[in-house]
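K.L.:
Following this line is structure26.txt, made up of compact mmCIF, C-alpha atoms:
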```txt
# COMPACT_ATOMS: atom_id res chain seq x y z
CA MET B 1 211.75 292.23 153.78
CA PRO B 2 213.15 291.08 157.13
CA LYS B 3 216.87 291.46 157.77
CA SER B 4 217.16 287.93 159.14
CA VAL B 5 215.28 284.62 159.08
CA SER B 6 215.31 281.68 161.49
CA ILE B 7 215.45 278.27 159.82
CA ARG B 8 214.73 275.11 161.76
CA GLU B 9 216.53 272.18 160.18
CA VAL B 10 214.20 269.15 160.16
CA GLY B 11 216.26 266.65 158.18
CA PRO B 12 217.21 264.43 161.15
CA ARG B 13 213.54 263.87 162.02
CA ASP B 14 211.10 264.79 159.26
CA GLY B 15 213.65 264.02 156.57
CA LEU B 16 214.80 260.61 157.76
CA GLN B 17 211.35 259.35 158.77
CA ASN B 18 210.46 259.00 155.09
CA GLU B 19 213.70 257.24 154.09
CA ASP B 20 214.65 253.61 154.45
CA PRO B 21 215.99 253.20 158.00
CA ILE B 22 219.66 254.07 158.35
CA PRO B 23 222.00 253.04 161.20
CA THR B 24 222.06 254.95 164.45
CA GLU B 25 225.65 256.01 163.86
CA ALA B 26 224.67 257.57 160.52
CA LYS B 27 221.86 259.55 162.14
CA VAL B 28 224.26 260.88 164.76
CA ARG B 29 226.76 261.87 162.05
CA LEU B 30 224.08 263.82 160.19
CA LEU B 31 222.80 265.54 163.33
CA ASP B 32 226.28 266.49 164.50
CA ALA B 33 227.30 267.76 161.05
CA LEU B 34 224.20 269.97 160.89
CA SER B 35 224.97 271.36 164.34
CA ARG B 36 228.26 272.72 162.95
CA THR B 37 226.75 274.65 160.00
CA GLY B 38 225.57 277.66 162.00
CA VAL B 39 221.93 276.60 161.98
CA ARG B 40 220.36 277.71 165.26
CA ARG B 41 217.39 275.31 165.50
CA ILE B 42 217.26 271.58 164.74
CA GLU B 43 214.38 269.12 165.02
CA ALA B 44 216.48 266.22 166.25
CA VAL B 45 214.18 263.20 166.75
CA SER B 46 210.63 262.10 167.35
CA PHE B 47 209.52 259.85 170.20
CA VAL B 48 206.97 257.64 168.48
CA HIS B 49 206.11 253.96 168.66
CA PRO B 50 208.58 251.98 166.51
CA ARG B 51 205.74 250.13 164.79
CA ALA B 52 204.35 253.45 163.57
CA ILE B 53 207.64 255.03 162.43
CA PRO B 54 210.43 252.40 162.55
CA GLN B 55 212.93 254.98 161.26
CA MET B 56 212.74 256.70 164.68
CA ALA B 57 212.96 253.55 166.82
CA ASP B 58 216.42 254.55 168.11
CA ALA B 59 215.52 258.15 169.03
CA ASP B 60 216.74 257.83 172.62
CA GLU B 61 220.12 256.46 171.56
CA VAL B 62 220.57 259.03 168.78
CA TRP B 63 219.93 261.89 171.16
CA GLN B 64 222.12 260.40 173.88
CA ARG B 65 225.05 260.05 171.49
CA ALA B 66 224.64 263.39 169.69
CA ALA B 67 227.02 266.26 170.40
CA LYS B 68 224.92 269.15 171.68
CA VAL B 69 226.40 272.40 170.38
CA ASP B 70 226.04 275.57 172.44
CA GLY B 71 223.75 278.09 170.79
CA VAL B 72 221.71 275.46 168.94
CA ARG B 73 218.14 274.85 170.08
CA TYR B 74 217.08 271.23 169.67
CA SER B 75 213.46 270.09 169.60
CA ALA B 76 211.58 266.80 169.45
CA LEU B 77 208.22 265.78 168.06
CA VAL B 78 205.84 263.67 170.17
CA PRO B 79 202.47 262.08 169.31
CA ASN B 80 201.06 261.60 172.81
CA SER B 81 201.73 261.80 176.55
CA LYS B 82 204.00 258.75 176.54
CA GLY B 83 206.14 260.32 173.83
CA ALA B 84 206.15 263.61 175.75
CA GLN B 85 207.35 261.89 178.89
CA ARG B 86 210.17 260.23 176.94
CA ALA B 87 211.18 263.57 175.43
CA LEU B 88 211.16 265.29 178.81
CA ALA B 89 213.18 262.47 180.36
CA ALA B 90 215.72 262.87 177.55
CA GLY B 91 216.11 266.54 178.46
CA PHE B 92 214.18 268.30 175.71
CA THR B 93 212.58 271.62 176.61
CA GLU B 94 211.18 272.46 173.16
CA ILE B 95 208.57 269.93 172.11
CA GLU B 96 206.23 269.75 169.12
CA VAL B 97 202.87 268.07 168.81
CA VAL B 98 201.00 267.61 165.56
CA VAL B 99 197.38 267.62 164.46
CA SER B 100 196.01 267.57 160.93
CA ALA B 101 193.57 270.19 159.67
CA SER B 102 192.07 267.38 157.59
CA ASP B 103 190.07 264.92 159.66
CA THR B 104 190.79 262.08 157.21
CA HIS B 105 194.55 262.66 157.25
CA ASN B 106 194.49 262.86 161.04
CA ARG B 107 192.76 259.48 161.25
CA ARG B 108 195.30 257.94 158.85
CA ASN B 109 198.12 259.44 160.90
CA VAL B 110 197.03 258.81 164.51
CA ASN B 111 193.76 256.86 164.21
CA ARG B 112 191.54 259.59 165.66
CA GLY B 113 189.69 262.67 164.46
CA THR B 114 191.03 266.21 164.58
CA ASP B 115 188.83 267.24 167.51
CA GLU B 116 189.92 264.19 169.51
CA SER B 117 193.57 265.05 168.86
CA LEU B 118 193.00 268.63 169.99
CA ASP B 119 191.56 267.33 173.27
CA ASP B 120 194.68 265.20 173.75
CA ILE B 121 196.93 268.13 172.84
CA ALA B 122 195.31 270.33 175.49
CA GLU B 123 196.37 267.80 178.13
CA LEU B 124 199.83 267.52 176.56
CA ILE B 125 200.34 271.28 176.71
CA ASP B 126 199.58 271.24 180.42
CA LEU B 127 201.98 268.34 180.95
CA LEU B 128 204.78 270.12 179.07
CA HIS B 129 204.27 273.44 180.81
CA GLN B 130 204.29 271.80 184.22
CA ALA B 131 207.67 270.31 183.29
CA GLY B 132 209.03 273.69 182.18
CA ALA B 133 208.94 272.89 178.44
CA THR B 134 207.35 274.81 175.59
CA ALA B 135 204.68 273.37 173.31
CA GLU B 136 204.48 274.04 169.57
CA VAL B 137 201.35 272.85 167.79
CA ILE B 138 202.04 271.85 164.19
CA ILE B 139 198.96 271.84 161.95
CA ALA B 140 199.56 269.38 159.11
CA THR B 141 197.69 269.55 155.77
CA SER B 142 197.17 273.28 156.34
CA PHE B 143 197.14 273.98 152.61
CA GLY B 144 195.43 270.84 151.31
CA CYS B 145 194.84 267.16 151.98
CA PRO B 146 195.67 264.11 149.82
CA TYR B 147 192.30 262.58 150.77
CA GLU B 148 189.95 265.57 151.08
CA GLY B 149 191.51 268.09 148.69
CA ASP B 150 191.29 271.79 149.59
CA VAL B 151 191.33 272.82 153.23
CA ASP B 152 189.44 275.99 154.18
CA PRO B 153 191.76 278.57 155.84
CA ALA B 154 188.93 279.28 158.28
CA ARG B 155 189.15 275.68 159.51
CA VAL B 156 192.89 276.05 160.11
CA ALA B 157 192.34 279.38 161.87
CA ALA B 158 189.76 277.75 164.15
CA ILE B 159 192.31 275.08 165.10
CA VAL B 160 194.77 277.86 165.93
CA ASP B 161 192.08 279.49 168.11
CA ARG B 162 191.73 276.26 170.06
CA ALA B 163 195.49 275.76 170.38
CA VAL B 164 195.95 279.33 171.64
CA ARG B 165 193.16 278.93 174.19
CA ASP B 166 194.79 275.74 175.42
CA GLY B 167 198.12 277.51 175.94
CA ALA B 168 200.23 276.67 172.86
CA ASP B 169 203.43 278.71 172.82
CA ARG B 170 203.59 278.82 169.04
CA VAL B 171 201.99 277.25 165.97
CA ALA B 172 203.38 275.90 162.70
CA PHE B 173 201.61 275.25 159.40
CA GLY B 174 202.62 272.20 157.39
CA ASP B 175 202.19 271.99 153.63
CA THR B 176 202.17 268.21 153.92
CA THR B 177 201.33 267.49 150.29
CA GLY B 178 202.97 270.46 148.58
CA MET B 179 199.57 271.86 147.59
CA GLY B 180 200.54 275.30 148.88
CA THR B 181 200.77 278.22 146.45
CA PRO B 182 201.42 281.91 147.09
CA ARG B 183 197.66 282.53 147.02
CA ARG B 184 197.02 279.85 149.60
CA VAL B 185 199.86 281.08 151.81
CA ARG B 186 198.50 284.61 151.74
CA GLY B 187 194.96 283.42 152.46
CA LEU B 188 195.98 281.26 155.40
CA ILE B 189 198.29 283.75 157.09
CA THR B 190 195.69 286.50 156.68
CA ALA B 191 192.94 284.32 158.16
CA VAL B 192 195.07 283.36 161.16
CA ARG B 193 196.36 286.86 161.89
CA ASP B 194 192.87 288.31 161.72
CA ARG B 195 192.00 286.14 164.74
CA ASP B 196 195.28 285.45 166.55
CA ALA B 197 197.65 288.23 165.63
CA ASP B 198 200.20 287.69 168.40
CA ILE B 199 200.88 283.95 168.22
CA PRO B 200 204.36 283.18 166.77
CA VAL B 201 204.06 281.22 163.51
CA LEU B 202 206.38 279.01 161.49
CA LEU B 203 205.83 277.63 157.99
CA HIS B 204 206.82 274.18 156.75
CA PHE B 205 206.79 273.76 152.96
CA HIS B 206 207.11 270.64 150.85
CA ASN B 207 208.23 270.95 147.25
CA THR B 208 206.00 268.32 145.65
CA ARG B 209 204.76 270.76 142.99
CA GLY B 210 207.84 272.98 142.85
CA THR B 211 206.29 275.93 144.71
CA ALA B 212 208.23 275.89 147.99
CA LEU B 213 210.53 278.85 147.25
CA ALA B 214 207.65 280.89 145.83
CA ASN B 215 205.71 280.18 149.00
CA LEU B 216 208.70 281.17 151.11
CA LEU B 217 208.98 284.50 149.28
CA THR B 218 205.27 285.19 149.77
CA ALA B 219 205.54 284.44 153.48
CA LEU B 220 208.52 286.80 153.77
CA GLU B 221 206.43 289.55 152.19
CA LEU B 222 203.81 288.89 154.88
CA GLY B 223 206.43 289.29 157.61
CA VAL B 224 206.93 285.62 158.50
CA THR B 225 210.51 284.98 159.62
CA GLU B 226 210.51 281.36 160.83
CA PHE B 227 210.61 278.37 158.49
CA ASP B 228 211.35 274.66 158.45
CA ALA B 229 213.66 273.19 155.83
CA SER B 230 215.41 269.87 155.33
CA VAL B 231 218.98 269.36 154.16
CA GLY B 232 219.13 268.04 150.61
CA GLY B 233 215.33 268.16 150.38
CA LEU B 234 215.01 265.02 152.50
CA GLY B 235 211.56 264.03 153.62
CA GLY B 236 207.95 263.57 152.72
CA CYS B 237 205.07 262.09 154.66
CA PRO B 238 204.26 258.39 155.20
CA TYR B 239 200.55 259.26 155.30
CA ALA B 240 200.40 261.56 152.25
CA PRO B 241 200.63 259.52 149.03
CA GLY B 242 202.83 261.21 146.43
CA ALA B 243 204.28 263.83 148.78
CA SER B 244 207.90 264.54 147.95
CA GLY B 245 210.59 266.06 150.09
CA ASN B 246 210.69 269.25 152.10
CA LEU B 247 212.05 272.56 150.95
CA ALA B 248 215.83 271.98 150.75
CA THR B 249 217.63 274.00 153.40
CA GLU B 250 220.47 274.93 151.06
CA GLU B 251 218.00 276.17 148.42
CA ALA B 252 216.30 278.41 150.98
CA VAL B 253 219.63 279.71 152.33
CA HIS B 254 220.96 280.28 148.80
CA MET B 255 217.97 282.48 147.92
CA LEU B 256 217.84 284.30 151.26
CA HIS B 257 221.53 285.19 151.22
CA ASP B 258 221.25 286.52 147.68
CA MET B 259 218.40 288.74 148.89
CA GLY B 260 220.60 290.11 151.67
CA ILE B 261 218.68 288.24 154.38
CA ASP B 262 220.85 286.68 157.08
CA THR B 263 220.37 283.13 158.38
CA ASP B 264 223.60 282.60 160.40
CA ILE B 265 224.13 279.45 158.28
CA ASP B 266 227.35 278.70 156.38
CA LEU B 267 226.07 277.69 152.94
CA ASP B 268 229.24 275.88 151.91
CA ALA B 269 229.18 273.81 155.10
CA LEU B 270 225.50 273.08 154.55
CA ILE B 271 226.14 271.82 151.02
CA GLU B 272 228.78 269.46 152.42
CA VAL B 273 226.17 268.08 154.82
CA ALA B 274 223.73 267.63 151.92
CA GLU B 275 226.42 265.56 150.20
CA LEU B 276 226.77 263.55 153.40
CA ALA B 277 223.00 263.02 153.48
CA GLU B 278 223.17 261.57 149.97
CA GLU B 279 225.92 259.23 151.08
CA LEU B 280 224.06 258.10 154.19
CA THR B 281 220.70 257.55 152.46
CA GLY B 282 222.27 255.99 149.37
CA ARG B 283 220.17 257.97 146.94
CA ARG B 284 220.28 261.14 144.86
CA LEU B 285 218.52 263.95 146.71
CA PRO B 286 216.40 266.56 144.91
CA SER B 287 218.29 269.70 145.95
CA GLY B 288 219.03 271.96 143.00
CA VAL B 289 221.87 273.72 144.82
CA LEU B 290 223.50 270.36 145.48
CA ARG B 291 223.45 269.65 141.75
CA ALA B 292 224.86 273.07 140.78
CA GLY B 293 228.56 273.56 140.07
CA PRO B 294 230.78 275.42 142.57
CA ARG B 295 231.03 278.49 140.30
CA THR B 296 227.26 278.99 140.40
CA ARG B 297 226.86 278.64 144.15
CA LEU B 298 226.61 281.63 146.44
CA THR B 299 228.77 281.61 149.52
CA ALA B 300 227.69 282.66 152.99
CA SER B 301 229.39 286.02 152.47
CA SER B 302 226.89 286.83 149.71
CA GLY B 303 224.35 287.64 152.40
```
Show how you would write the structure in this file as C-alpha cells.

P.N.:
Amino acid sequence: MPKSVSIREVGPRDGLQNEDPIPTEAKVRLLDALSRTGVRRIEAVSFVHPRAIPQMADADEVWQRAAKVDGVRYSALVPNSKGAQRALAAGFTEIEVVVSASDTHNRRNVNRGTDESLDDIAELIDLLHQAGATAEVIIATSFGCPYEGDVDPARVAAIVDRAVRDGADRVAFGDTTGMGTPRRVRGLITAVRDRDADIPVLLHFHNTRGTALANLLTALELGVTEFDASVGGLGGCPYAPGASGNLATEEAVHMLHDMGIDTDIDLDALIEVAELAEELTGRRLPSGVLRAGPRTRLTASSG
C-alpha cells in the first residue's frame, strides 16, 4: 500500500453542478472552508455555458471572490476553447477537459461523438500548453454507460492512447454511473498500463451502487495514488439518469487514515465542511461518516 494518497476535492464543481443552484456567496463559503481542511487539490469551478449548466453560471465571480490558500492547487473544468480562454484569463494553470468513452453519453453531454471531441481536445491541449497550463483529459463513463451499458476497457485504453499522443499531461477515469466494481477497476487499469505505463492517472468514483470504497481499495492495491472525492458525497451527473453522488471525501479519508495512509487532510475539519454543505444545499447528504456519532469517528491523528 502507498504511504500517502492525493485527494482532489471536487465538491465545489462536480458536486454543486448536480444540486439546485445556490447563491454565489454560499459557493465561496464552501470553497474557502475546503481550502482550510488541508486538502491539497480542489476542482474549483467549470467554465461552461450557463444554459448547459446553470449551477456554474457565476464561475468567474466565485473564483474572483475565493480566498486562494498557499499550498492548494486549484483546477477548472472546460468544455471547449471558449471555456479554456475564460479559465486562462481567470488565472488557472491546471485545466481539465472531458470526453466520454461512450459515444451516446458524449452526444448527450456535448452534442458530438467521442472522436469529434478528441479532435477538439487535441486543439485545446495545444492552446493550454502555449499558455503555460497543463491539460488533464477526463474520460467519463470509463466503467459503464447509462445508455450503452458495458464499456470495453480496450476502448478506454485507445482513448488514452490518443490523448497521450496529443500531449495530455495526465488522464482521469470517471465512473459516471457508479457501475465500477473491483473487477472492472482492475481490468481498466491493467489495459491502460499495458499500453501507456507512464501517464499519471486519477480515478473518480461515484457511489451509486455502494462500491466506491471497494473500488478505491482495489486501485490502491494497483498502485494508484490519486483520487477525486466530493465533500458529503455531493454530486452526480446531469446526463447520467440515476447516478448518485461521488465518493464522499470524508469516507475516503476515514478509511485511508485507519489504514495508516496519509492524506494531509484534517478529518474533523472536513466533517465540519460536510455539515456546512448540508446547510448550504438544504438537504441531507449521503455521507456515512457525517451520520456517525463523534465516538465512532477517526481523527486525523489516526493516520

K.L.:
Restricting the calculation to all atoms listed in the file, which member of B:Leu276, B:Val164, B:Val156, B:Leu222 is positioned closest to Arg186 of chain B?

P.N.:
B:Leu222

K.L.:
Separation of atom CA of Asp258 of chain B and atom CA of Leu270 of chain B, in Å?

P.N.:
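Result for atom CA of Asp258 of chain B versus atom CA of Leu270 of chain B: 15.7 Å, one decimal.
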
K.L.:
Rounded to one decimal, what separation in Å do you get between atom CA of Leu247 of chain B and atom CA of Ala277 of chain B?

P.N.:
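Atom CA of Leu247 of chain B sits 14.7 Å away from atom CA of Ala277 of chain B.
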
K.L.:
How big is the axis-aligned box around all listed atoms of segment 278-288 of chain B once 8 Å goes on each side, and where's its centre, in Å to one decimal, as AutoDock Vina command-line options?

P.N.:
```
--center_x 221.2 --center_y 264.0 --center_z 148.6 --size_x 25.5 --size_y 32.0 --size_z 27.2
```

K.L.:
Can you tell me how far atom CA of Glu278 of chain B sits from atom CA of Ala90 of chain B, in Å to one decimal?

P.N.:
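Going from atom CA of Glu278 of chain B over to atom CA of Ala90 of chain B covers 28.6 Å.
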